[in-house]
Structure formats: structure tokens, C-alpha cells
>>> print(open('run11.cif').read())   # mmCIF, C-alpha atoms
data_entry
#
loop_
_atom_site.label_atom_id
_atom_site.label_comp_id
_atom_site.auth_asym_id
_atom_site.auth_seq_id
_atom_site.Cartn_x
_atom_site.Cartn_y
_atom_site.Cartn_z
CA MET A 1 13.07 -20.59 132.42
CA GLY A 2 15.30 -23.65 132.63
CA LYS A 3 18.02 -24.29 135.16
CA VAL A 4 21.76 -24.09 134.57
CA LEU A 5 23.32 -27.45 135.45
CA TRP A 6 27.05 -28.03 135.65
CA HIS A 7 27.36 -31.68 134.73
CA VAL A 8 30.61 -33.50 135.19
CA THR A 9 32.24 -36.88 135.62
CA MET A 10 35.11 -36.66 138.06
CA SER A 11 37.73 -38.88 139.66
CA LEU A 12 37.70 -39.08 143.45
CA ASP A 13 40.72 -36.76 143.48
CA GLY A 14 38.98 -34.07 141.50
CA PHE A 15 40.08 -34.50 137.90
CA ILE A 16 37.74 -34.34 134.91
CA ALA A 17 40.44 -35.58 132.53
CA GLY A 18 43.68 -37.42 133.13
CA PRO A 19 47.12 -36.51 131.77
CA GLY A 20 46.95 -35.78 128.04
CA ASP A 21 43.18 -35.27 128.32
CA ALA A 22 42.77 -39.02 128.94
CA MET A 23 39.10 -39.98 129.36
CA GLU A 24 39.28 -43.77 129.21
CA TRP A 25 38.80 -44.02 132.98
CA ALA A 26 35.48 -42.18 132.64
CA PHE A 27 34.18 -44.27 129.74
CA HIS A 28 35.14 -47.39 131.66
CA TYR A 29 32.50 -46.49 134.24
CA SER A 30 29.83 -45.06 131.95
CA HIS A 31 27.39 -47.86 132.63
CA PRO A 32 23.69 -47.15 132.39
CA ASN A 33 22.88 -44.37 134.81
CA ALA A 34 19.27 -43.28 135.29
CA ALA A 35 20.41 -39.87 136.58
CA VAL A 36 22.17 -39.20 133.28
CA ASP A 37 19.08 -40.29 131.35
CA GLU A 38 17.07 -37.81 133.39
CA VAL A 39 19.50 -34.98 132.60
CA ILE A 40 19.34 -35.86 128.91
CA ARG A 41 15.54 -35.73 129.06
CA LEU A 42 15.47 -32.30 130.73
CA THR A 43 18.25 -30.61 128.74
CA GLY A 44 17.40 -28.23 125.91
CA ALA A 45 20.88 -26.95 125.08
CA VAL A 46 24.51 -27.60 125.98
CA LEU A 47 27.10 -24.86 126.57
CA SER A 48 30.62 -26.25 126.18
CA GLY A 49 34.13 -24.91 126.42
CA ARG A 50 36.35 -25.21 123.40
CA ARG A 51 38.73 -27.63 125.08
CA SER A 52 35.99 -30.08 126.06
CA PHE A 53 34.60 -29.83 122.54
CA ASP A 54 38.00 -30.53 120.97
CA VAL A 55 38.80 -33.40 123.35
CA GLY A 56 35.58 -35.10 122.31
CA ARG A 57 36.56 -34.81 118.65
CA ARG A 58 40.20 -35.82 118.78
CA PRO A 59 41.16 -38.41 116.16
CA GLY A 60 41.18 -41.82 117.74
CA GLN A 61 38.80 -40.78 120.47
CA ALA A 62 36.06 -43.24 121.32
CA PRO A 63 33.00 -42.47 119.16
CA GLN A 64 30.82 -41.92 122.21
CA ALA A 65 33.05 -39.00 123.19
CA GLN A 66 32.38 -37.01 120.05
CA LYS A 67 28.90 -35.73 120.85
CA PRO A 68 27.38 -34.59 124.13
CA TYR A 69 26.11 -37.68 125.90
CA GLY A 70 27.50 -39.89 123.16
CA GLY A 71 24.70 -38.94 120.80
CA ALA A 72 21.98 -39.93 123.28
CA TRP A 73 21.05 -36.25 123.44
CA SER A 74 20.50 -34.00 120.47
CA GLY A 75 19.85 -30.29 120.30
CA PRO A 76 21.70 -27.00 120.10
CA LEU A 77 25.32 -27.15 121.21
CA LEU A 78 26.95 -23.78 121.92
CA VAL A 79 30.74 -23.76 122.04
CA LEU A 80 32.45 -20.77 123.65
CA THR A 81 35.59 -19.92 121.68
CA HIS A 82 37.51 -17.03 120.15
CA ARG A 83 38.75 -19.26 117.33
CA PRO A 84 35.87 -21.05 115.63
CA PRO A 85 37.04 -23.90 113.40
CA PRO A 86 36.85 -23.09 109.70
CA ASP A 87 35.16 -26.38 108.89
CA GLY A 88 32.39 -26.51 111.49
CA VAL A 89 29.12 -26.92 109.60
CA ASP A 90 26.93 -29.06 111.84
CA PRO A 91 23.78 -26.89 112.00
CA ASP A 92 23.28 -27.87 115.66
CA ILE A 93 26.64 -26.37 116.65
CA THR A 94 27.11 -22.64 117.25
CA PHE A 95 30.49 -21.12 117.99
CA LEU A 96 30.32 -18.06 120.23
CA ALA A 97 32.84 -15.48 121.31
CA ARG A 98 31.04 -13.50 123.97
CA ASP A 99 31.00 -12.90 127.68
CA ILE A 100 29.82 -15.79 129.82
CA ARG A 101 26.60 -14.10 130.90
CA GLY A 102 25.60 -13.49 127.31
CA ALA A 103 26.51 -17.06 126.38
CA VAL A 104 24.35 -18.51 129.16
CA GLU A 105 21.44 -16.26 128.14
CA LEU A 106 21.73 -17.44 124.55
CA ALA A 107 21.90 -21.07 125.63
CA LEU A 108 18.81 -20.68 127.82
CA ARG A 109 16.98 -19.12 124.91
CA ALA A 110 18.07 -21.98 122.65
CA ALA A 111 16.83 -24.46 125.27
CA ARG A 112 13.26 -23.06 124.95
CA GLY A 113 12.36 -23.43 128.60
CA LYS A 114 14.29 -26.63 129.24
CA ASP A 115 17.50 -26.78 131.29
CA ILE A 116 20.97 -26.12 129.97
CA VAL A 117 24.05 -28.16 130.74
CA VAL A 118 27.46 -26.55 131.15
CA ILE A 119 30.47 -28.69 130.23
CA GLY A 120 34.14 -27.84 130.73
CA ALA A 121 36.19 -26.61 133.69
CA ASN A 122 36.93 -23.15 132.32
CA VAL A 123 33.36 -22.31 131.26
CA ALA A 124 32.00 -23.71 134.52
CA ARG A 125 34.41 -21.59 136.56
CA GLN A 126 33.36 -18.47 134.67
CA CYS A 127 29.73 -19.35 135.36
CA ILE A 128 30.47 -19.85 139.07
CA ASP A 129 32.26 -16.48 139.18
CA GLU A 130 29.12 -14.83 137.83
CA GLY A 131 26.69 -16.80 140.01
CA LEU A 132 25.12 -18.43 136.97
CA ILE A 133 25.16 -22.09 138.04
CA ASP A 134 21.99 -23.35 139.73
CA GLU A 135 22.93 -26.99 140.27
CA ILE A 136 25.93 -29.30 140.01
CA MET A 137 25.69 -32.98 139.21
CA VAL A 138 28.88 -34.95 139.72
CA HIS A 139 29.40 -38.55 138.71
CA LEU A 140 32.24 -39.67 140.93
CA ALA A 141 34.39 -42.44 139.48
CA PRO A 142 36.24 -44.78 141.87
CA VAL A 143 39.73 -43.90 140.70
CA LEU A 144 42.63 -41.65 141.73
CA LEU A 145 44.26 -40.01 138.69
CA GLY A 146 46.81 -37.84 140.50
CA ASP A 147 47.23 -35.49 137.53
CA GLY A 148 45.26 -33.96 134.67
CA ILE A 149 42.56 -31.31 134.25
CA ARG A 150 41.07 -30.15 137.52
CA PHE A 151 37.34 -30.12 138.15
CA PHE A 152 37.66 -26.68 139.73
CA ASP A 153 40.53 -24.26 140.21
CA ARG A 154 40.00 -20.72 141.36
CA ILE A 155 42.86 -19.04 143.18
CA GLY A 156 42.08 -16.23 145.56
CA ALA A 157 38.30 -16.24 145.33
CA ALA A 158 35.79 -16.82 148.10
CA GLN A 159 34.52 -20.33 148.77
CA VAL A 160 31.27 -21.36 147.11
CA ASN A 161 28.72 -22.90 149.44
CA LEU A 162 26.55 -25.72 148.14
CA GLU A 163 23.61 -27.67 149.44
CA ALA A 164 23.81 -31.45 149.04
CA THR A 165 20.45 -32.46 147.58
CA GLY A 166 20.96 -36.07 146.53
CA ILE A 167 23.33 -39.02 146.48
CA GLU A 168 22.94 -42.45 144.96
CA ARG A 169 25.04 -45.24 143.54
CA ALA A 170 24.84 -46.30 139.90
CA GLY A 171 27.10 -49.34 139.73
CA GLN A 172 30.56 -48.13 140.72
CA ILE A 173 29.67 -44.50 140.02
CA THR A 174 28.38 -42.26 142.80
CA ASN A 175 25.93 -39.59 141.68
CA LEU A 176 26.20 -36.43 143.76
CA ARG A 177 23.80 -33.55 143.31
CA PHE A 178 24.16 -30.06 144.75
CA ARG A 179 22.36 -26.73 144.65
CA VAL A 180 24.53 -23.62 144.63
CA ARG A 181 23.69 -21.35 147.57
CA LYS A 182 23.37 -17.82 146.27
CA MET B 1 46.18 -57.43 161.74
CA GLY B 2 44.25 -54.19 161.41
CA LYS B 3 43.49 -52.32 158.23
CA VAL B 4 45.13 -49.13 156.99
CA LEU B 5 42.44 -46.49 156.49
CA TRP B 6 43.07 -43.16 154.81
CA HIS B 7 40.55 -40.91 156.49
CA VAL B 8 39.86 -37.46 155.14
CA THR B 9 37.38 -34.61 155.00
CA MET B 10 37.40 -33.01 151.57
CA SER B 11 35.67 -30.23 149.68
CA LEU B 12 33.80 -31.24 146.53
CA ASP B 13 36.70 -29.83 144.49
CA GLY B 14 39.27 -32.01 146.21
CA PHE B 15 40.88 -29.85 148.88
CA ILE B 16 41.58 -31.04 152.42
CA ALA B 17 42.50 -27.53 153.58
CA GLY B 18 41.74 -24.13 152.14
CA PRO B 19 44.22 -21.30 151.51
CA GLY B 20 46.45 -20.73 154.54
CA ASP B 21 45.52 -24.21 155.85
CA ALA B 22 41.98 -22.93 156.57
CA MET B 23 39.82 -25.65 158.12
CA GLU B 24 36.77 -23.66 159.25
CA TRP B 25 34.72 -25.03 156.32
CA ALA B 26 35.32 -28.57 157.59
CA PHE B 27 34.46 -27.83 161.22
CA HIS B 28 31.32 -26.08 160.04
CA TYR B 29 30.06 -29.43 158.78
CA SER B 30 31.41 -31.69 161.52
CA HIS B 31 27.97 -32.59 162.81
CA PRO B 32 27.47 -35.95 164.48
CA ASN B 33 28.46 -38.63 161.99
CA ALA B 34 28.01 -42.29 162.91
CA ALA B 35 30.63 -43.31 160.33
CA VAL B 36 33.23 -41.23 162.16
CA ASP B 37 32.19 -42.75 165.50
CA GLU B 38 32.69 -46.18 163.96
CA VAL B 39 36.19 -45.28 162.75
CA ILE B 40 37.05 -43.94 166.19
CA ARG B 41 35.86 -47.21 167.72
CA LEU B 42 37.96 -49.38 165.38
CA THR B 43 41.14 -47.30 165.34
CA GLY B 44 44.12 -48.35 167.46
CA ALA B 45 46.70 -45.82 166.24
CA VAL B 46 46.94 -42.74 164.02
CA LEU B 47 49.78 -42.04 161.60
CA SER B 48 49.94 -38.34 160.73
CA GLY B 49 52.09 -36.12 158.57
CA ARG B 50 53.89 -33.26 160.24
CA ARG B 51 51.90 -30.60 158.42
CA SER B 52 48.53 -31.99 159.53
CA PHE B 53 49.88 -32.29 163.06
CA ASP B 54 51.10 -28.68 163.06
CA VAL B 55 47.90 -27.33 161.50
CA GLY B 56 45.93 -28.90 164.32
CA ARG B 57 48.11 -27.19 166.90
CA ARG B 58 48.35 -23.68 165.46
CA PRO B 59 47.69 -20.93 167.98
CA GLY B 60 44.14 -19.74 167.59
CA GLN B 61 43.02 -22.99 166.01
CA ALA B 62 39.72 -24.36 167.22
CA PRO B 63 40.34 -26.65 170.23
CA GLN B 64 38.72 -29.61 168.44
CA ALA B 65 41.43 -29.41 165.78
CA GLN B 66 44.27 -30.02 168.20
CA LYS B 67 43.85 -33.76 168.71
CA PRO B 68 42.86 -36.49 166.28
CA TYR B 69 39.07 -36.59 166.22
CA GLY B 70 38.88 -33.60 168.53
CA GLY B 71 39.84 -35.70 171.54
CA ALA B 72 37.03 -38.22 170.93
CA TRP B 73 39.72 -40.79 170.17
CA SER B 74 42.75 -41.49 172.30
CA GLY B 75 45.72 -43.73 171.67
CA PRO B 76 49.16 -43.70 170.12
CA LEU B 77 49.71 -40.91 167.58
CA LEU B 78 52.72 -41.37 165.31
CA VAL B 79 53.92 -38.25 163.49
CA LEU B 80 56.23 -38.70 160.53
CA THR B 81 58.85 -35.93 160.54
CA HIS B 82 62.55 -35.27 160.18
CA ARG B 83 62.36 -32.38 162.64
CA PRO B 84 60.69 -33.45 165.88
CA PRO B 85 59.67 -30.50 168.03
CA PRO B 86 61.96 -29.97 171.04
CA ASP B 87 59.04 -29.60 173.41
CA GLY B 88 56.91 -32.62 172.48
CA VAL B 89 56.32 -34.58 175.67
CA ASP B 90 52.80 -36.02 175.36
CA PRO B 91 53.52 -39.72 176.03
CA ASP B 92 50.92 -40.71 173.41
CA ILE B 93 52.82 -38.89 170.63
CA THR B 94 55.82 -40.45 168.89
CA PHE B 95 57.85 -38.56 166.29
CA LEU B 96 59.33 -40.81 163.62
CA ALA B 97 61.81 -40.22 160.82
CA ARG B 98 61.66 -43.40 158.85
CA ASP B 99 60.51 -44.77 155.53
CA ILE B 100 56.76 -44.99 155.07
CA ARG B 101 56.65 -48.79 155.13
CA GLY B 102 58.45 -48.90 158.46
CA ALA B 103 56.17 -46.18 159.82
CA VAL B 104 53.02 -48.09 158.86
CA GLU B 105 54.42 -51.28 160.40
CA LEU B 106 55.14 -49.46 163.64
CA ALA B 107 51.67 -47.89 163.67
CA LEU B 108 50.03 -51.28 163.09
CA ARG B 109 52.04 -52.73 165.94
CA ALA B 110 51.02 -49.81 168.17
CA ALA B 111 47.38 -50.43 167.21
CA ARG B 112 47.53 -53.97 168.68
CA GLY B 113 45.30 -55.58 166.10
CA LYS B 114 42.97 -52.63 165.58
CA ASP B 115 42.96 -50.46 162.44
CA ILE B 116 45.23 -47.53 161.82
CA VAL B 117 44.18 -44.20 160.35
CA VAL B 118 46.44 -42.24 158.03
CA ILE B 119 46.05 -38.44 158.06
CA GLY B 120 47.71 -35.94 155.73
CA ALA B 121 48.07 -35.66 151.97
CA ASN B 122 51.82 -36.29 151.83
CA VAL B 123 51.83 -39.36 154.09
CA ALA B 124 48.76 -40.77 152.33
CA ARG B 125 50.39 -40.33 148.92
CA GLN B 126 53.50 -42.15 150.11
CA CYS B 127 51.29 -44.96 151.41
CA ILE B 128 49.44 -45.14 148.08
CA ASP B 129 52.79 -45.29 146.24
CA GLU B 130 53.74 -48.30 148.30
CA GLY B 131 50.35 -50.01 148.11
CA LEU B 132 49.85 -49.70 151.86
CA ILE B 133 46.33 -48.22 151.96
CA ASP B 134 43.49 -50.74 152.31
CA GLU B 135 40.53 -48.39 152.43
CA ILE B 136 39.70 -44.72 151.98
CA MET B 137 36.90 -42.94 153.79
CA VAL B 138 36.07 -39.50 152.48
CA HIS B 139 33.68 -37.07 154.12
CA LEU B 140 32.67 -34.80 151.29
CA ALA B 141 31.70 -31.26 152.34
CA PRO B 142 29.29 -29.30 150.14
CA VAL B 143 31.67 -26.48 149.31
CA LEU B 144 34.03 -25.42 146.52
CA LEU B 145 37.27 -23.99 147.91
CA GLY B 146 39.10 -23.39 144.63
CA ASP B 147 42.51 -23.30 146.28
CA GLY B 148 44.43 -24.89 149.15
CA ILE B 149 45.97 -28.26 149.97
CA ARG B 150 44.97 -30.99 147.54
CA PHE B 151 43.53 -34.30 148.67
CA PHE B 152 45.79 -36.12 146.20
CA ASP B 153 48.53 -34.98 143.83
CA ARG B 154 50.78 -37.44 142.12
CA ILE B 155 52.27 -36.36 138.82
CA GLY B 156 53.31 -39.03 136.35
CA ALA B 157 52.17 -42.12 138.24
CA ALA B 158 49.64 -44.72 137.17
CA GLN B 159 46.01 -44.30 138.16
CA VAL B 160 44.85 -46.04 141.30
CA ASN B 161 41.70 -48.09 140.92
CA LEU B 162 39.23 -48.20 143.77
CA GLU B 163 36.08 -50.08 144.57
CA ALA B 164 33.17 -48.02 145.87
CA THR B 165 31.90 -49.91 148.90
CA GLY B 166 29.53 -47.46 150.56
CA ILE B 167 27.85 -44.09 150.38
CA GLU B 168 25.58 -42.34 152.82
CA ARG B 169 24.55 -38.88 153.87
CA ALA B 170 25.23 -37.51 157.35
CA GLY B 171 23.49 -34.15 157.33
CA GLN B 172 25.16 -32.12 154.60
CA ILE B 173 28.22 -34.39 154.57
CA THR B 174 28.43 -37.32 152.15
CA ASN B 175 30.37 -40.32 153.47
CA LEU B 176 32.16 -42.18 150.68
CA ARG B 177 33.98 -45.42 151.31
CA PHE B 178 36.38 -47.18 148.94
CA ARG B 179 38.59 -50.24 148.92
CA VAL B 180 41.90 -49.88 147.08
CA ARG B 181 42.21 -52.49 144.33
CA LYS B 182 45.64 -54.09 144.61
#
>>> encode(input="run11.cif", output="C-alpha cells")
Amino acid sequence: MGKVLWHVTMSLDGFIAGPGDAMEWAFHYSHPNAAVDEVIRLTGAVLSGRRSFDVGRRPGQAPQAQKPYGGAWSGPLLVLTHRPPPDGVDPDITFLARDIRGAVELALRAARGKDIVVIGANVARQCIDEGLIDEIMVHLAPVLLGDGIRFFDRIGAAQVNLEATGIERAGQITNLRFRVRK
Amino acid sequence: MGKVLWHVTMSLDGFIAGPGDAMEWAFHYSHPNAAVDEVIRLTGAVLSGRRSFDVGRRPGQAPQAQKPYGGAWSGPLLVLTHRPPPDGVDPDITFLARDIRGAVELALRAARGKDIVVIGANVARQCIDEGLIDEIMVHLAPVLLGDGIRFFDRIGAAQVNLEATGIERAGQITNLRFRVRK
């Protein structure tokens, strides 16, 4: 069975998107990164929130934003949503409206033994709530955004303890890897 | 003239204190850290916000929280506040009610050529607004808090670009060092 990896690019101050879902700061630093290549190689399916999916497909968005890993990865993409778009016909994309545990199970099945990647703050938080995340890989960008979509927000819940398993620089990006202590 | 260093311990999700100003998570990871020893060696004065100062002195707080660097550093501590406590008589502590630029100038003068350390989210944000921070050192703790006092919050302002100058592990803590691009 594959692992569940929460994979995210984040500003130093903990935002995964700037105001108005701005992502230019992240693309600016998306130089070659061997750790990302490794994730792409090991990933069998991607489970995305609807917001992350839509942000990647906004008109005017950079082309590399429109597919997971800018098209460098291909495979089943599962999008968690209660309002599937009427026009979605890419056979690799499945729109799901189910509980997070069921969605992760489906994604793992679709990954056929490889890992799955979770994208999107809301979906990731639901996974954390249910103890479904095995590892977190953060690409830390050297920028303070001050405002936008938070990496993680969870009022009133217990802290989640991690184990730092790896750090390395890739140009100006810092790759941080953690295991979730369960 | 010394540098202005914003020095902070932060959870992976960008909090410098948990709910109710909880700091136990940070002390839990405050193992020996050569990077902290180096900061202590180079620091001539500390400029703190009132909240950080008060949190360190709460009744029941761990003794190591009550002085900057748990007493491992000594020197002039400048606390920015409009309501100085009536009982403050430690000769090393000065309470200031002035604009941030004046406060940083005073702290640099008190540091006599050594660096100054800025502590506290509010004071640090004011310094960032005025372009007064030279470097940021973050000690990243392997924990998700979900709620608490944010490392950095600044609605509606431009992003601040940094240069990653160093990363290293110190036990479970990741030391991240940045220069502020001006």
C-alpha cells in the first residue's frame, strides 16, 4: 500500500497562496528540484480539493499551473467536491463527493500500490483530522506574503506532532520533509 | 553598526505561540543549538514587544521563558510599550513608547556595535514595514499548532522577498536563515 503525502509549496509565513489566490511567487521559485522529481516518480494518484483544482485552471493562469506538477506527472486525479463541473470530461479526472476517509481509500486504490499526493489546505486538514497523512513535504519559498490562503488552520484541535526526516536546499527553495507521529 | 536580526521559533504552520500563548511545544524542542549560541554571542541588545515580554513573565511560566534566551544572554532589553509596568526596576530593562525606527536606533546604540535581536510578531512586523530587518533566523519546530499567534500577518501589503542563506538541522529543529532583500 502506498503512502499518503501532503505536498505543498509554502511561503516562510505559512501561506500556500497569496491574496486573490496569487501563485506567481511559487512559480518564480519552481526551479528544477530533485525532490519534486522523486515525488512525481513515486506518485500513483493525486487527491485535490476543489479550490486548488479551480485555481490551477483559472483563465490567465500560467499553463504549468493547470495540471498537477505542470503536466510532468500523469495519472488519476481525484477532486473532492459537492459540485462537479458540468463540462469535466478528462478521463483522468474523477470528481468525488464523499467523506475524506473514503476519498483517500479510493485514491490509494487508483494509485495501484504507489503513493498518493494530497493537495489543498482544506482536504489536507480533513486528512490530518482523521490521521490519514503519513508524510508532509514542504517546499519553503523565501518570501513573506502576509496574507492569503493558510497552509494549515485548525482552531481548537490538539497539536499534531511531526518528526523531521529531511532538509535540503534546492536553489532558493528549502525542502522540508516530515513524518506524522501517530 | 550591528545587524537587526528577527529571531523566532515557529511551528511548521507558522505560529510563534499556541492558543493561550502556549509555549510548551517550543521549550520541548529547545535542545542545544549552536546557531542559538552564536546569536547569543553576537547580540548586544534585545528589542521586544510587550506581549512577548509579558508571556515570558507569566506566573507559572517555565523559568527559562522569563529572560531572553533563558538567561544565557544578558544585556540591555528594550521593551516597546505604551504602558510600562509600575514595578519594573531591573536596570537592564528599558520600557519605551516611541516609533519603531527610533526604538531600533536606540537598541543599536545600546548594543554598542553588536547585533540586535527583535522578538515579537507585532514589533517584527513594524520593523519589516519600515525596512529595518536585515536578517531572519527561524527555528522551525516539527509540530502543527493550528491556532495561536501568527509569525507574520500583514494584510494588504506587498510581499517581502528574502534570500535563503542557510539551513541546518539541530536535533528535531530546523534552523533557517534569510537575508531581507531591500
>>> resolve_selection(input="run11.cif", expression="the PyMOL selection byres ((chain B) within 8 of (chain A))", output="number ranges by chain")
B: 12-14, 142-147, 151-164, 167-169, 172-174, 178
>>> resolve_selection(input="run11.cif", expression="the PyMOL selection byres ((chain A and resi 66-74) around 12)", output="JSON, numbers by chain")
{"A": [7, 8, 9, 23, 27, 30, 32, 33, 36, 37, 38, 39, 40, 41, 42, 43, 44, 45, 46, 47, 48, 52, 53, 54, 55, 56, 57, 58, 59, 60, 61, 62, 63, 64, 65, 75, 76, 77, 78, 79, 90, 91, 92, 93, 111, 117, 118, 119, 120]}
>>> atom_distance(input="run11.cif", atom1="atom CA of A:His82", atom2="atom CA of A:Ala103")
12.6 Å
>>> closest_residue(input="run11.cif", among="B:Lys114, B:Arg109, B:Arg101, B:His28", to="B:Gly131", atoms="all atoms listed in the file")
B:Arg101
>>> atom_distance(input="run11.cif", atom1="atom CA of B:Tyr29", atom2="atom CA of B:Gly49")
23.0 Å
>>> atom_distance(input="run11.cif", atom1="atom CA of B:Met137", atom2="atom CA of A:Ala34")
25.6 Å
>>> closest_residue(input="run11.cif", among="B:Val104, B:Cys127, B:Leu96, B:Ala26", to="B:Arg83", atoms="all atoms listed in the file")
B:Leu96
>>> residues_around(input="run11.cif", residues="B:Gly113", least_positions_apart="5", cutoff="8 Å", atoms="only C-alpha atoms", output="PyMOL selection string")
chain B and resi 1-2+44+108
